[in-house]
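Please read the structure below before turning to the comments.
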Amino acid sequence: MPIFQLTDELIFPHPALAENGILAVGGDLSPQRLILAYQNGIFPWYSEEEPIIWHAPDPRFVLFPEKFKKSKSLRLLINKNIYSCSINKNFEEVIKNCRHIKRKGEDGTWITDDMEKAYINLHKLGFAVSVEVYNKKNELAGGLYGIKLGKIFFGESMFSKESNTSKIALAYLIENTDLKLIDAQVHTNHLENLGAEHIALNDFLDILNKNIQHTTKLPVN
């Protein structure tokens, strides 16, 4: 199957047409295009020197909130009340930390300047959501961010400055929202240990169609 070249027209090919998870290249990171992409199970993921690359992997790696594995050690850590959590208190600091945190086995980041600006814009429009975890010194110790449409959360990135704080952020998100599904996009051992699993792309798209808001209103370009 071909990899599609996007034009200025606000349209995507069907995600099932992706080859090895890659569906299309080009386009832009406007709010209209990004929301259309997420509504159809598509997301951007690319490096600074690359064109925008749009992905729709099959199978899809997801976490059903009811299958979240909160270990005994995580429960004990949360119950110690060492950390406090919030939603959308400091989105820009969360995405900044996700972008710049050093990760074992990774060189650089996929959160480019344009990506950071685009998701901050989506946050201002009410679509991008952050969870913040603060320590007793009121310092940002961990967090995550993603896109929330209806009852689906499309997870983009998470970080920990202190041990297990990204897990605390995820637990807080699950316990303080009415989510039906968290899209983790691609496999990581970290999320697999927390209960994430692969499902077929068609099943993923069926869940989206039942739980997201396709009537989302966005400003006109």
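In the structure tokens, the first chain shown is A, the next is B, and so on; residue numbers restart at 1 for each chain, and ligands run from 1 in the order shown.
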
Select from range 22-128 of chain A every residue with an atom at most 12 Å from any atom of range 141-157 of chain A, then for each give the shortest pair of atoms and their distance in Å to one decimal, using only C-alpha atoms, rows by chain and rising number, as JSON lines.
{"residue": "A:Pro31", "atom": "CA", "partner": "A:Ile147", "partner_atom": "CA", "distance": 11.4}
{"residue": "A:Leu34", "atom": "CA", "partner": "A:Ile147", "partner_atom": "CA", "distance": 9.8}
{"residue": "A:Ile35", "atom": "CA", "partner": "A:Leu149", "partner_atom": "CA", "distance": 8.6}
{"residue": "A:Leu36", "atom": "CA", "partner": "A:Leu149", "partner_atom": "CA", "distance": 10.8}
{"residue": "A:Ala37", "atom": "CA", "partner": "A:Ile147", "partner_atom": "CA", "distance": 11.2}
{"residue": "A:Tyr38", "atom": "CA", "partner": "A:Phe154", "partner_atom": "CA", "distance": 7.7}
{"residue": "A:Gln39", "atom": "CA", "partner": "A:Leu149", "partner_atom": "CA", "distance": 7.7}
{"residue": "A:Asn40", "atom": "CA", "partner": "A:Leu149", "partner_atom": "CA", "distance": 11.3}
{"residue": "A:Gly41", "atom": "CA", "partner": "A:Phe154", "partner_atom": "CA", "distance": 9.1}
{"residue": "A:Ile42", "atom": "CA", "partner": "A:Phe154", "partner_atom": "CA", "distance": 10.1}
{"residue": "A:Phe43", "atom": "CA", "partner": "A:Phe154", "partner_atom": "CA", "distance": 9.0}
{"residue": "A:Pro44", "atom": "CA", "partner": "A:Glu156", "partner_atom": "CA", "distance": 10.0}
{"residue": "A:Trp45", "atom": "CA", "partner": "A:Glu156", "partner_atom": "CA", "distance": 9.8}
{"residue": "A:Arg60", "atom": "CA", "partner": "A:Phe154", "partner_atom": "CA", "distance": 11.7}
{"residue": "A:Phe61", "atom": "CA", "partner": "A:Gly155", "partner_atom": "CA", "distance": 10.7}
{"residue": "A:Val62", "atom": "CA", "partner": "A:Phe154", "partner_atom": "CA", "distance": 9.2}
{"residue": "A:Leu63", "atom": "CA", "partner": "A:Phe153", "partner_atom": "CA", "distance": 9.8}
{"residue": "A:Phe64", "atom": "CA", "partner": "A:Ile152", "partner_atom": "CA", "distance": 10.1}
{"residue": "A:Pro65", "atom": "CA", "partner": "A:Phe153", "partner_atom": "CA", "distance": 10.4}
{"residue": "A:Ile82", "atom": "CA", "partner": "A:Ala141", "partner_atom": "CA", "distance": 10.8}
{"residue": "A:Tyr83", "atom": "CA", "partner": "A:Ala141", "partner_atom": "CA", "distance": 8.5}
{"residue": "A:Ser84", "atom": "CA", "partner": "A:Ala141", "partner_atom": "CA", "distance": 9.8}
{"residue": "A:Cys85", "atom": "CA", "partner": "A:Gly143", "partner_atom": "CA", "distance": 8.8}
{"residue": "A:Ser86", "atom": "CA", "partner": "A:Gly143", "partner_atom": "CA", "distance": 9.4}
{"residue": "A:Ile87", "atom": "CA", "partner": "A:Tyr145", "partner_atom": "CA", "distance": 9.5}
{"residue": "A:Asn88", "atom": "CA", "partner": "A:Tyr145", "partner_atom": "CA", "distance": 9.0}
{"residue": "A:Lys89", "atom": "CA", "partner": "A:Gly143", "partner_atom": "CA", "distance": 11.0}
{"residue": "A:Asn90", "atom": "CA", "partner": "A:Gly143", "partner_atom": "CA", "distance": 9.9}
{"residue": "A:Phe91", "atom": "CA", "partner": "A:Tyr145", "partner_atom": "CA", "distance": 7.5}
{"residue": "A:Glu92", "atom": "CA", "partner": "A:Tyr145", "partner_atom": "CA", "distance": 9.8}
{"residue": "A:Glu93", "atom": "CA", "partner": "A:Gly143", "partner_atom": "CA", "distance": 9.4}
{"residue": "A:Val94", "atom": "CA", "partner": "A:Gly143", "partner_atom": "CA", "distance": 6.1}
{"residue": "A:Ile95", "atom": "CA", "partner": "A:Tyr145", "partner_atom": "CA", "distance": 6.9}
{"residue": "A:Lys96", "atom": "CA", "partner": "A:Tyr145", "partner_atom": "CA", "distance": 10.6}
{"residue": "A:Asn97", "atom": "CA", "partner": "A:Gly142", "partner_atom": "CA", "distance": 8.4}
{"residue": "A:Cys98", "atom": "CA", "partner": "A:Ser157", "partner_atom": "CA", "distance": 6.2}
{"residue": "A:Arg99", "atom": "CA", "partner": "A:Ser157", "partner_atom": "CA", "distance": 8.5}
{"residue": "A:His100", "atom": "CA", "partner": "A:Ser157", "partner_atom": "CA", "distance": 11.4}
{"residue": "A:Ile101", "atom": "CA", "partner": "A:Gly142", "partner_atom": "CA", "distance": 10.3}
{"residue": "A:Arg103", "atom": "CA", "partner": "A:Ser157", "partner_atom": "CA", "distance": 11.8}
{"residue": "A:Thr109", "atom": "CA", "partner": "A:Ser157", "partner_atom": "CA", "distance": 10.7}
{"residue": "A:Trp110", "atom": "CA", "partner": "A:Ser157", "partner_atom": "CA", "distance": 10.1}
{"residue": "A:Ile111", "atom": "CA", "partner": "A:Ser157", "partner_atom": "CA", "distance": 9.1}
{"residue": "A:Met115", "atom": "CA", "partner": "A:Glu156", "partner_atom": "CA", "distance": 10.9}
{"residue": "A:Glu116", "atom": "CA", "partner": "A:Glu156", "partner_atom": "CA", "distance": 11.3}
{"residue": "A:Ala118", "atom": "CA", "partner": "A:Ile147", "partner_atom": "CA", "distance": 11.7}
{"residue": "A:Tyr119", "atom": "CA", "partner": "A:Gly146", "partner_atom": "CA", "distance": 8.5}
{"residue": "A:Ile120", "atom": "CA", "partner": "A:Tyr145", "partner_atom": "CA", "distance": 10.4}
{"residue": "A:Asn121", "atom": "CA", "partner": "A:Ile147", "partner_atom": "CA", "distance": 11.7}
{"residue": "A:Leu122", "atom": "CA", "partner": "A:Ile147", "partner_atom": "CA", "distance": 8.3}
{"residue": "A:His123", "atom": "CA", "partner": "A:Ile147", "partner_atom": "CA", "distance": 8.4}
{"residue": "A:Lys124", "atom": "CA", "partner": "A:Ile147", "partner_atom": "CA", "distance": 11.9}
{"residue": "A:Leu125", "atom": "CA", "partner": "A:Ile147", "partner_atom": "CA", "distance": 11.1}
{"residue": "A:Gly126", "atom": "CA", "partner": "A:Lys148", "partner_atom": "CA", "distance": 8.8}
{"residue": "A:Phe127", "atom": "CA", "partner": "A:Ile147", "partner_atom": "CA", "distance": 5.6}
{"residue": "A:Ala128", "atom": "CA", "partner": "A:Ile147", "partner_atom": "CA", "distance": 4.4}

Find the residues near range 7-19 of chain A: any atom within 10 Å, counting only C-alpha atoms, skip ones fewer than 3 places away on the same chain, and give them as a PDB file with N, CA and C atoms, in the first residue's frame.
ATOM      1  N   MET A   1       0.838  -1.202   0.000  1.00  0.00           N
ATOM      2  CA  MET A   1       0.000   0.000   0.000  1.00  0.00           C
ATOM      3  C   MET A   1       0.876   1.256   0.000  1.00  0.00           C
ATOM      4  N   PRO A   2       0.438   2.329  -0.648  1.00  0.00           N
ATOM      5  CA  PRO A   2       1.240   3.556  -0.678  1.00  0.00           C
ATOM      6  C   PRO A   2       1.144   4.322   0.631  1.00  0.00           C
ATOM      7  N   ILE A   3       2.153   5.170   0.895  1.00  0.00           N
ATOM      8  CA  ILE A   3       2.071   6.137   1.984  1.00  0.00           C
ATOM      9  C   ILE A   3       1.551   7.420   1.364  1.00  0.00           C
ATOM     10  N   PHE A   4       0.458   7.929   1.860  1.00  0.00           N
ATOM     11  CA  PHE A   4      -0.234   9.039   1.223  1.00  0.00           C
ATOM     12  C   PHE A   4       0.453  10.379   1.501  1.00  0.00           C
ATOM     13  N   ILE A  22       2.468   3.428   9.256  1.00  0.00           N
ATOM     14  CA  ILE A  22       2.591   4.770   8.684  1.00  0.00           C
ATOM     15  C   ILE A  22       1.511   4.968   7.631  1.00  0.00           C
ATOM     16  N   LEU A  23       0.731   6.018   7.801  1.00  0.00           N
ATOM     17  CA  LEU A  23      -0.402   6.271   6.921  1.00  0.00           C
ATOM     18  C   LEU A  23      -0.119   7.362   5.889  1.00  0.00           C
ATOM     19  N   ALA A  24       0.464   8.476   6.332  1.00  0.00           N
ATOM     20  CA  ALA A  24       0.602   9.625   5.442  1.00  0.00           C
ATOM     21  C   ALA A  24       1.739  10.529   5.909  1.00  0.00           C
ATOM     22  N   VAL A  25       2.143  11.411   5.011  1.00  0.00           N
ATOM     23  CA  VAL A  25       3.135  12.436   5.341  1.00  0.00           C
ATOM     24  C   VAL A  25       2.616  13.791   4.877  1.00  0.00           C
ATOM     25  N   GLY A  26       3.152  14.845   5.482  1.00  0.00           N
ATOM     26  CA  GLY A  26       2.787  16.187   5.061  1.00  0.00           C
ATOM     27  C   GLY A  26       1.661  16.774   5.877  1.00  0.00           C
ATOM     28  N   GLY A  27       0.994  17.747   5.293  1.00  0.00           N
ATOM     29  CA  GLY A  27      -0.064  18.435   6.014  1.00  0.00           C
ATOM     30  C   GLY A  27       0.495  19.446   7.000  1.00  0.00           C
ATOM     31  N   ASP A  28      -0.231  19.672   8.064  1.00  0.00           N
ATOM     32  CA  ASP A  28       0.169  20.660   9.067  1.00  0.00           C
ATOM     33  C   ASP A  28      -0.288  20.203  10.443  1.00  0.00           C
ATOM     34  N   SER A  30      -2.322  22.110  12.415  1.00  0.00           N
ATOM     35  CA  SER A  30      -3.409  22.999  12.819  1.00  0.00           C
ATOM     36  C   SER A  30      -4.355  22.264  13.762  1.00  0.00           C
ATOM     37  N   GLN A  32      -7.504  22.011  13.601  1.00  0.00           N
ATOM     38  CA  GLN A  32      -8.509  21.297  12.814  1.00  0.00           C
ATOM     39  C   GLN A  32      -7.977  19.953  12.330  1.00  0.00           C
ATOM     40  N   ARG A  33      -6.751  19.940  11.824  1.00  0.00           N
ATOM     41  CA  ARG A  33      -6.200  18.686  11.305  1.00  0.00           C
ATOM     42  C   ARG A  33      -5.877  17.714  12.439  1.00  0.00           C
ATOM     43  N   LEU A  34      -5.338  18.221  13.529  1.00  0.00           N
ATOM     44  CA  LEU A  34      -5.000  17.349  14.645  1.00  0.00           C
ATOM     45  C   LEU A  34      -6.238  16.679  15.233  1.00  0.00           C
ATOM     46  N   LEU A  36      -9.141  16.185  13.750  1.00  0.00           N
ATOM     47  CA  LEU A  36      -9.635  15.232  12.762  1.00  0.00           C
ATOM     48  C   LEU A  36      -8.822  13.942  12.806  1.00  0.00           C
ATOM     49  N   ALA A  37      -7.512  14.074  12.938  1.00  0.00           N
ATOM     50  CA  ALA A  37      -6.647  12.886  13.008  1.00  0.00           C
ATOM     51  C   ALA A  37      -7.013  12.021  14.205  1.00  0.00           C
ATOM     52  N   ASN A  40     -10.086   9.973  14.137  1.00  0.00           N
ATOM     53  CA  ASN A  40     -10.005   8.826  13.236  1.00  0.00           C
ATOM     54  C   ASN A  40      -8.873   7.866  13.589  1.00  0.00           C
ATOM     55  N   GLY A  41      -8.358   7.970  14.812  1.00  0.00           N
ATOM     56  CA  GLY A  41      -7.345   7.026  15.268  1.00  0.00           C
ATOM     57  C   GLY A  41      -5.975   7.238  14.659  1.00  0.00           C
ATOM     58  N   ILE A  42      -5.669   8.464  14.283  1.00  0.00           N
ATOM     59  CA  ILE A  42      -4.412   8.808  13.619  1.00  0.00           C
ATOM     60  C   ILE A  42      -3.669   9.815  14.483  1.00  0.00           C
ATOM     61  N   TRP A  54       2.216  10.731   9.807  1.00  0.00           N
ATOM     62  CA  TRP A  54       0.977  10.369  10.489  1.00  0.00           C
ATOM     63  C   TRP A  54       0.877   8.855  10.607  1.00  0.00           C
ATOM     64  N   HIS A  55       0.548   8.378  11.802  1.00  0.00           N
ATOM     65  CA  HIS A  55       0.584   6.956  12.119  1.00  0.00           C
ATOM     66  C   HIS A  55      -0.802   6.430  12.506  1.00  0.00           C
ATOM     67  N   ALA A  56      -1.016   5.156  12.182  1.00  0.00           N
ATOM     68  CA  ALA A  56      -2.224   4.432  12.611  1.00  0.00           C
ATOM     69  C   ALA A  56      -1.848   2.959  12.743  1.00  0.00           C
ATOM     70  N   PRO A  57      -1.121   2.599  13.799  1.00  0.00           N
ATOM     71  CA  PRO A  57      -0.615   1.221  13.925  1.00  0.00           C
ATOM     72  C   PRO A  57      -1.718   0.192  14.160  1.00  0.00           C
ATOM     73  N   ASP A  58      -1.471  -0.987  13.641  1.00  0.00           N
ATOM     74  CA  ASP A  58      -2.368  -2.127  13.826  1.00  0.00           C
ATOM     75  C   ASP A  58      -1.505  -3.342  14.152  1.00  0.00           C
ATOM     76  N   LEU A 201      -6.824  -2.821  15.241  1.00  0.00           N
ATOM     77  CA  LEU A 201      -7.168  -1.453  14.861  1.00  0.00           C
ATOM     78  C   LEU A 201      -8.673  -1.290  14.655  1.00  0.00           C
ATOM     79  N   ASN A 202      -9.316  -2.251  14.020  1.00  0.00           N
ATOM     80  CA  ASN A 202     -10.762  -2.147  13.789  1.00  0.00           C
ATOM     81  C   ASN A 202     -11.534  -2.075  15.100  1.00  0.00           C
ATOM     82  N   LEU A 205     -11.031   1.424  16.494  1.00  0.00           N
ATOM     83  CA  LEU A 205     -11.850   2.412  15.794  1.00  0.00           C
ATOM     84  C   LEU A 205     -13.312   2.306  16.199  1.00  0.00           C
TER      85      LEU A 205
END

Using DSSP assignments from the backbone, pull out every residue in range 83-167 of chain A that falls under helix (DSSP H, G or I) and give it to me as a PyMOL selection string. chain A and resi 91-100+113-124+165-167

To one decimal place, how far is CA of Leu29 in chain A from CA of Ile182 in chain A in Å?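 Interatomic distance here is 21.9 Å.
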
Would you please work out which residue, of A:Leu173, A:Ile52, A:Ile207, A:Leu194, is nearest to Lys67 in chain A when using only C-alpha atoms?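 Selected residue with least distance to Lys67 in chain A: A:Leu194.
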
Name the residues of range 112-170 of chain A that fall into strand (DSSP E) according to DSSP on the backbone, using the chain letters and numbers of this document, as an NGL selection string. :A and (128-134 or 140-149 or 152-160)

Neighbouring residues of Leu74 in chain A were defined as those with any atom within 12 Å, considering only C-alpha atoms; residues of the same chain fewer than 6 positions away were excluded. Please report them as a compact mmCIF listing (two decimals) with N, CA and C atoms, in the first residue's frame.
# COMPACT_ATOMS: atom_id res chain seq x y z
N PHE A 68 -6.23 -1.25 34.73
CA PHE A 68 -5.02 -0.61 35.24
C PHE A 68 -4.51 -1.36 36.47
N LYS A 80 0.79 7.52 51.23
CA LYS A 80 1.70 8.28 52.10
C LYS A 80 1.46 9.79 51.98
N ASN A 81 0.72 10.19 50.95
CA ASN A 81 0.40 11.61 50.74
C ASN A 81 1.66 12.48 50.60
N ILE A 82 2.67 11.90 50.00
CA ILE A 82 3.90 12.66 49.71
C ILE A 82 3.65 13.62 48.55
N TYR A 83 2.75 13.21 47.66
CA TYR A 83 2.51 13.97 46.44
C TYR A 83 1.07 14.44 46.35
N SER A 163 10.84 8.89 41.49
CA SER A 163 10.42 7.52 41.20
C SER A 163 8.90 7.35 41.26
N ASN A 164 8.34 6.79 40.17
CA ASN A 164 6.94 6.38 40.08
C ASN A 164 5.94 7.53 39.98
N THR A 165 6.41 8.75 39.76
CA THR A 165 5.46 9.86 39.72
C THR A 165 4.62 9.87 38.44
N SER A 166 5.14 9.31 37.34
CA SER A 166 4.30 9.21 36.15
C SER A 166 3.18 8.20 36.38
N LYS A 167 3.45 7.15 37.16
CA LYS A 167 2.40 6.18 37.51
C LYS A 167 1.34 6.83 38.38
N ILE A 168 1.77 7.69 39.29
CA ILE A 168 0.81 8.41 40.13
C ILE A 168 -0.08 9.29 39.27
N ALA A 169 0.52 9.94 38.27
CA ALA A 169 -0.25 10.80 37.36
C ALA A 169 -1.29 9.99 36.60
N LEU A 170 -0.90 8.81 36.12
CA LEU A 170 -1.83 7.97 35.39
C LEU A 170 -2.96 7.48 36.29
N ALA A 171 -2.63 7.09 37.49
CA ALA A 171 -3.66 6.66 38.44
C ALA A 171 -4.64 7.79 38.73
N TYR A 172 -4.13 9.00 38.88
CA TYR A 172 -4.98 10.15 39.16
C TYR A 172 -5.90 10.44 37.98
N LEU A 194 1.66 -1.90 33.49
CA LEU A 194 0.54 -1.25 34.15
C LEU A 194 -0.81 -1.74 33.62

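Between CA of Glu66 in chain A and CA of Thr177 in chain A lies a distance of 12.2 Å.
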
From A:Asn176, A:Ser73, A:Gln5, A:Thr188, residue lying nearest Ile53 in chain A [only C-alpha atoms]: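 For Ile53 in chain A, the nearest of the candidates is A:Gln5.
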
Option closest in space to Ile199 in chain A, from A:Ala184, A:Ile174, A:Val133, A:Leu76 [counting only C-alpha atoms]: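 Ranked by minimum distance to Ile199 in chain A, first place goes to A:Ala184.
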